[in-house]
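Visitor: Dumping the structure here so I can ask a few things about it.
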There are 2 protein chains.
Amino acid sequence: MNPIIQQFKRYGFLSSEAEVAIEDRTKCFFKKKNDHFLKSGQVLSSYFVLEKGLIRAYFYHEGKEVNTWFGEENQIFGSILPVYTNRPSFENIQFLEDSEVYAISVEDLNDLYRMFPELNLVGRKIAEEVCVILEERSISLHTESATERYQSLIRLQPRLLSRVNLGHIASYLGITQETLSRIRRY
Amino acid sequence: MNPIIQQFKRYGFLSSEAEVAIEDRTKCFFKKKNDHFLKSGQVLSSYFVLEKGLIRAYFYHEGKEVNTWFGEENQIFGSILPVYTNRPSFENIQFLEDSEVYAISVEDLNDLYRMFPELNLVGRKIAEEVCVILEERSISLHTESATERYQSLIRLQPRLLSRVNLGHIASYLGITQETLSRIRRY
DNA sequence: AACATTTTTTGATGTATATCAAAATCAACT
DNA sequence: AGTTGATTTTGATATACATCAAAAAATGTT
C-alpha cells in the first residue's frame, strides 16, 4: 500500500476519492547512498516517506555542514517551510543508504488541499506533531549537556549509531567529533 | 474587533457563521503583573492573543525556571502540545505586565474544528508558522554563540530589553545572568 | 530623604567544549 | 595480505561560559 496514504491515515480519515487522488500524485524514487534528494534552493517535495533507507537533513553554517535530523523507515517527513511559504528550503536532504522513497510535491499537495479541504485536518495534525518534536529538540539544545543530548539520541533512535558515522552524530549534537569520541569513552 | 478572529483571518477565510461561533467562545481576562495564566498541569487555553501586555513561557529544569519565549501584543500564541494531545502543557505562562488577554479553550477550539471543518486550514497554517519559528529557534541554539543569540533577540524583539529584566533574558538565551552582563559590556 | 529590596555588574576561579595535530583503527579494494 | 582512504581516538592547549561571592546601581516604599 502507498506509504504516504498509510502515514496520512494515522492522522485522520481519508475519503476513497482523496486516496485515489493522493495515489495519482505519489512518486516513487530509488536513490543511491550519498545521492541528494533535495538540494537547498529547490523545492522538489513536501512530504515523503522512506519505504527503505536512511536520510539526513543538513544546512551550511560558516562553511560547515550542520545536521538537523535523521530519518528512518516508517516516518513521514518534509520541511514545513516550503509547504508554508512555497519558497525553497535552506535544508539539504541526503541519503545515507540506498533508499526507496515515496513523495508528493508541494504543488500537488496544495492541489490536494484545494480539492479535498478535509485533508487540512491531516495537514494540521502533522504540523502540530512536528511542533511537538521541534519543541523537544529546542528544549534539549537549551538545557542539556552534550552528554545528555547524546544519551537522548541513542534512546530515541538506537539504530542510528550503527548506521551513520560519528561525525554526522557530533554535528547533530552540536559538538565536535573529538568531544563525542571522549563522551563515548565511558 | 475580537482579536482572536482578527488573528485567525490572517491565515485564511472565516465564514460569518464561524466568526459568530468563535466570538461566542472567546473569553477576555484582565491580569495583573506576575499573575499566572497557565500553570503547568492545567489546560486552560489553546490559542490566545494579548490585546495589551507582556508574557513569558517557562518550565522548570533542575529546580530552576527556564524561559522559552516572550509574547507581546498582536501575536497569536499558545502551546501546541495541549491542542495536539489534549494533555496538559509542561509550560507555565506568566504575565510580566498588567495585561488584557483574549483566549479560546482547547475544548472550544476542538468543537469549532468539528463544527467548521474549514477552520482546519487556519489551524494548519498556524501550526506550520509555529514550526518555522521553532526551526529557527533550534538552529539558533544549535549553531550560535551566546553573543549571537543575544543580538538576534534584540533584533527580533527590540522592545523586550526595556520591558523585562536581564535574568529573564539570560534564561531565554540559555546562559547565566553574569555572562549576559559581560556580553552587554561591549 | 532614608531604607529595604531587587537588579545589574565585577572579580576570581572552575569546567565543558573547541581547536589543532597526530596516531590508531577500521573498511574497501586489488 | 598489503595498500589506500576514511573514521575514530588521543594529547596538548585555548576559549566560552558557569559558579560563587560580593559590590554597585537602580527601584520601590515609608
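Every chain in the C-alpha cells takes a letter, A first, then B, and so on in the order presented; its residues are numbered from 1, and the ligands are numbered from 1 following the presented order.
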Excluding same-chain residues fewer than 2 positions from DC20 in chain D, what lies within 12 Å of it counting only C-alpha atoms (C1' of nucleotides), as a list in words?

Guide: Glu178 of chain B; DG11, DA12, DT13 and DG14 of chain C; DA18 and DA22 of chain D

Visitor: Starting from chain D, keep only residues with some atom at most 9 Å from an atom of chain A, counting only C-alpha atoms (C1' of nucleotides), and report them as an MDAnalysis selection string.

Guide: chainID D and resid 7:9

Visitor: As a list in words, please: the residues near DA22 in chain C (cut-off 12 Å, only C-alpha atoms (C1' of nucleotides), same-chain neighbours under 2 positions excluded).

Guide: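 Everything that qualifies: DC20 and DA24 of chain C; DT9, DT10, DG11 and DA12 of chain D.
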
Visitor: Output C-alpha atoms (C1' of nucleotides) for every residue in that selection, as a PDB file, in the first residue's frame.

Guide:
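In the end it all went to part-v4.pdb:
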```
ATOM      1  C1'  DC C  20      44.931  21.736  16.103  1.00  0.00           C
ATOM      2  C1'  DA C  24      45.468   4.427  15.860  1.00  0.00           C
TER       3       DA C  24
ATOM      4  C1'  DT D   9      40.759   8.197  19.207  1.00  0.00           C
ATOM      5  C1'  DT D  10      44.275  10.586  21.876  1.00  0.00           C
ATOM      6  C1'  DG D  11      47.039  14.549  23.585  1.00  0.00           C
ATOM      7  C1'  DA D  12      48.110  19.442  24.447  1.00  0.00           C
TER       8       DA D  12
END
```

Visitor: Which polymer residues have any atom within 9 Å of an atom of DT27 in chain D, counting only C-alpha atoms (C1' of nucleotides), with same-chain residues fewer than 2 positions away left out, as a list in words?

Guide: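 Near neighbours after the sequence-gap exclusion: DT5, DT6 and DT7 of chain C.
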
Visitor: Determine, using only C-alpha atoms, which residues of chain A have any atom at most 10 Å from an atom of chain B, and tabulate each with its shortest atom pair and distance in Å to one decimal place, rows ordered by chain and then rising number, as CSV.

Guide:
```
residue,atom,partner,partner_atom,distance
A:Phe59,CA,B:Ile139,CA,9.7
A:His61,CA,B:Thr143,CA,7.5
A:Glu62,CA,B:Thr143,CA,9.4
A:Val66,CA,B:Thr143,CA,8.2
A:Asn67,CA,B:His142,CA,9.7
A:Thr68,CA,B:Ile139,CA,8.1
A:Ser79,CA,B:Val132,CA,9.1
A:Ile80,CA,B:Glu128,CA,6.3
A:Leu81,CA,B:Val132,CA,6.0
A:Pro82,CA,B:Val132,CA,9.8
A:Val83,CA,B:Glu128,CA,8.1
A:Tyr84,CA,B:Glu128,CA,6.0
A:Thr85,CA,B:Glu129,CA,9.0
A:Tyr113,CA,B:Leu121,CA,8.7
A:Pro117,CA,B:Glu118,CA,6.8
A:Glu118,CA,B:Pro117,CA,6.8
A:Leu119,CA,B:Asn120,CA,8.6
A:Asn120,CA,B:Leu121,CA,5.3
A:Leu121,CA,B:Asn120,CA,5.3
A:Val122,CA,B:Arg124,CA,8.6
A:Gly123,CA,B:Arg124,CA,6.0
A:Arg124,CA,B:Arg124,CA,3.9
A:Lys125,CA,B:Tyr84,CA,7.0
A:Ile126,CA,B:Arg124,CA,8.6
A:Ala127,CA,B:Ala127,CA,5.5
A:Glu128,CA,B:Ala127,CA,5.5
A:Glu129,CA,B:Tyr84,CA,7.0
A:Val130,CA,B:Cys131,CA,6.8
A:Cys131,CA,B:Cys131,CA,5.3
A:Val132,CA,B:Leu81,CA,6.0
A:Ile133,CA,B:Cys131,CA,9.5
A:Leu134,CA,B:Leu134,CA,6.1
A:Glu135,CA,B:Leu134,CA,6.7
A:Glu136,CA,B:Ser138,CA,9.7
A:Arg137,CA,B:Ser138,CA,6.8
A:Ser138,CA,B:Ser138,CA,5.0
A:Ile139,CA,B:Thr68,CA,8.1
A:Ser140,CA,B:Ser138,CA,9.3
A:Leu141,CA,B:Leu141,CA,6.1
A:His142,CA,B:Gly174,CA,5.7
A:Thr143,CA,B:Gly174,CA,7.0
A:Glu144,CA,B:His61,CA,9.5
A:Ser171,CA,B:His142,CA,9.3
A:Tyr172,CA,B:His142,CA,8.4
A:Leu173,CA,B:His142,CA,7.9
A:Gly174,CA,B:His142,CA,5.7
A:Ile175,CA,B:His142,CA,9.2
```

Visitor: Please dump the current selection as a short mmCIF file (atom, residue, chain, number, x, y, z; two decimals), in the first residue's frame; keep C-alpha atoms.

Guide:
```
data_model
loop_
_atom_site.label_atom_id
_atom_site.label_comp_id
_atom_site.auth_asym_id
_atom_site.auth_seq_id
_atom_site.Cartn_x
_atom_site.Cartn_y
_atom_site.Cartn_z
CA PHE A 59 22.37 23.05 6.18
CA HIS A 61 26.75 27.32 8.66
CA GLU A 62 30.08 29.12 8.37
CA VAL A 66 25.27 21.03 10.31
CA ASN A 67 22.89 18.08 10.64
CA THR A 68 19.39 18.85 11.87
CA SER A 79 10.43 20.61 5.56
CA ILE A 80 7.45 22.59 6.70
CA LEU A 81 8.96 25.84 5.44
CA PRO A 82 8.35 25.18 1.71
CA VAL A 83 4.84 23.93 2.45
CA TYR A 84 4.10 27.06 4.46
CA THR A 85 5.83 29.69 2.35
CA TYR A 113 -5.75 20.67 -0.08
CA PRO A 117 -10.43 20.52 2.20
CA GLU A 118 -10.85 17.77 4.80
CA LEU A 119 -7.16 16.98 4.17
CA ASN A 120 -6.38 20.15 6.12
CA LEU A 121 -7.18 18.18 9.26
CA VAL A 122 -4.39 15.73 8.39
CA GLY A 123 -2.09 18.62 7.48
CA ARG A 124 -2.87 20.35 10.76
CA LYS A 125 -2.17 17.21 12.80
CA ILE A 126 1.12 16.59 11.02
CA ALA A 127 2.25 20.20 11.54
CA GLU A 128 1.21 20.02 15.19
CA GLU A 129 3.18 16.83 15.67
CA VAL A 130 6.22 18.45 14.06
CA CYS A 131 5.79 21.35 16.52
CA VAL A 132 5.91 18.94 19.44
CA ILE A 133 9.09 17.32 18.10
CA LEU A 134 10.73 20.70 17.44
CA GLU A 135 9.82 21.92 20.93
CA GLU A 136 11.55 18.89 22.44
CA ARG A 137 14.56 19.50 20.24
CA SER A 138 14.80 23.15 21.33
CA ILE A 139 14.49 22.23 24.99
CA SER A 140 17.19 19.62 24.60
CA LEU A 141 19.55 22.14 22.99
CA HIS A 142 18.58 24.78 25.57
CA THR A 143 19.09 22.82 28.77
CA GLU A 144 21.03 19.61 28.23
CA SER A 171 27.23 17.58 14.02
CA TYR A 172 23.64 16.80 15.00
CA LEU A 173 24.53 17.18 18.69
CA GLY A 174 26.27 20.50 18.07
CA ILE A 175 29.69 19.32 19.26
#
```
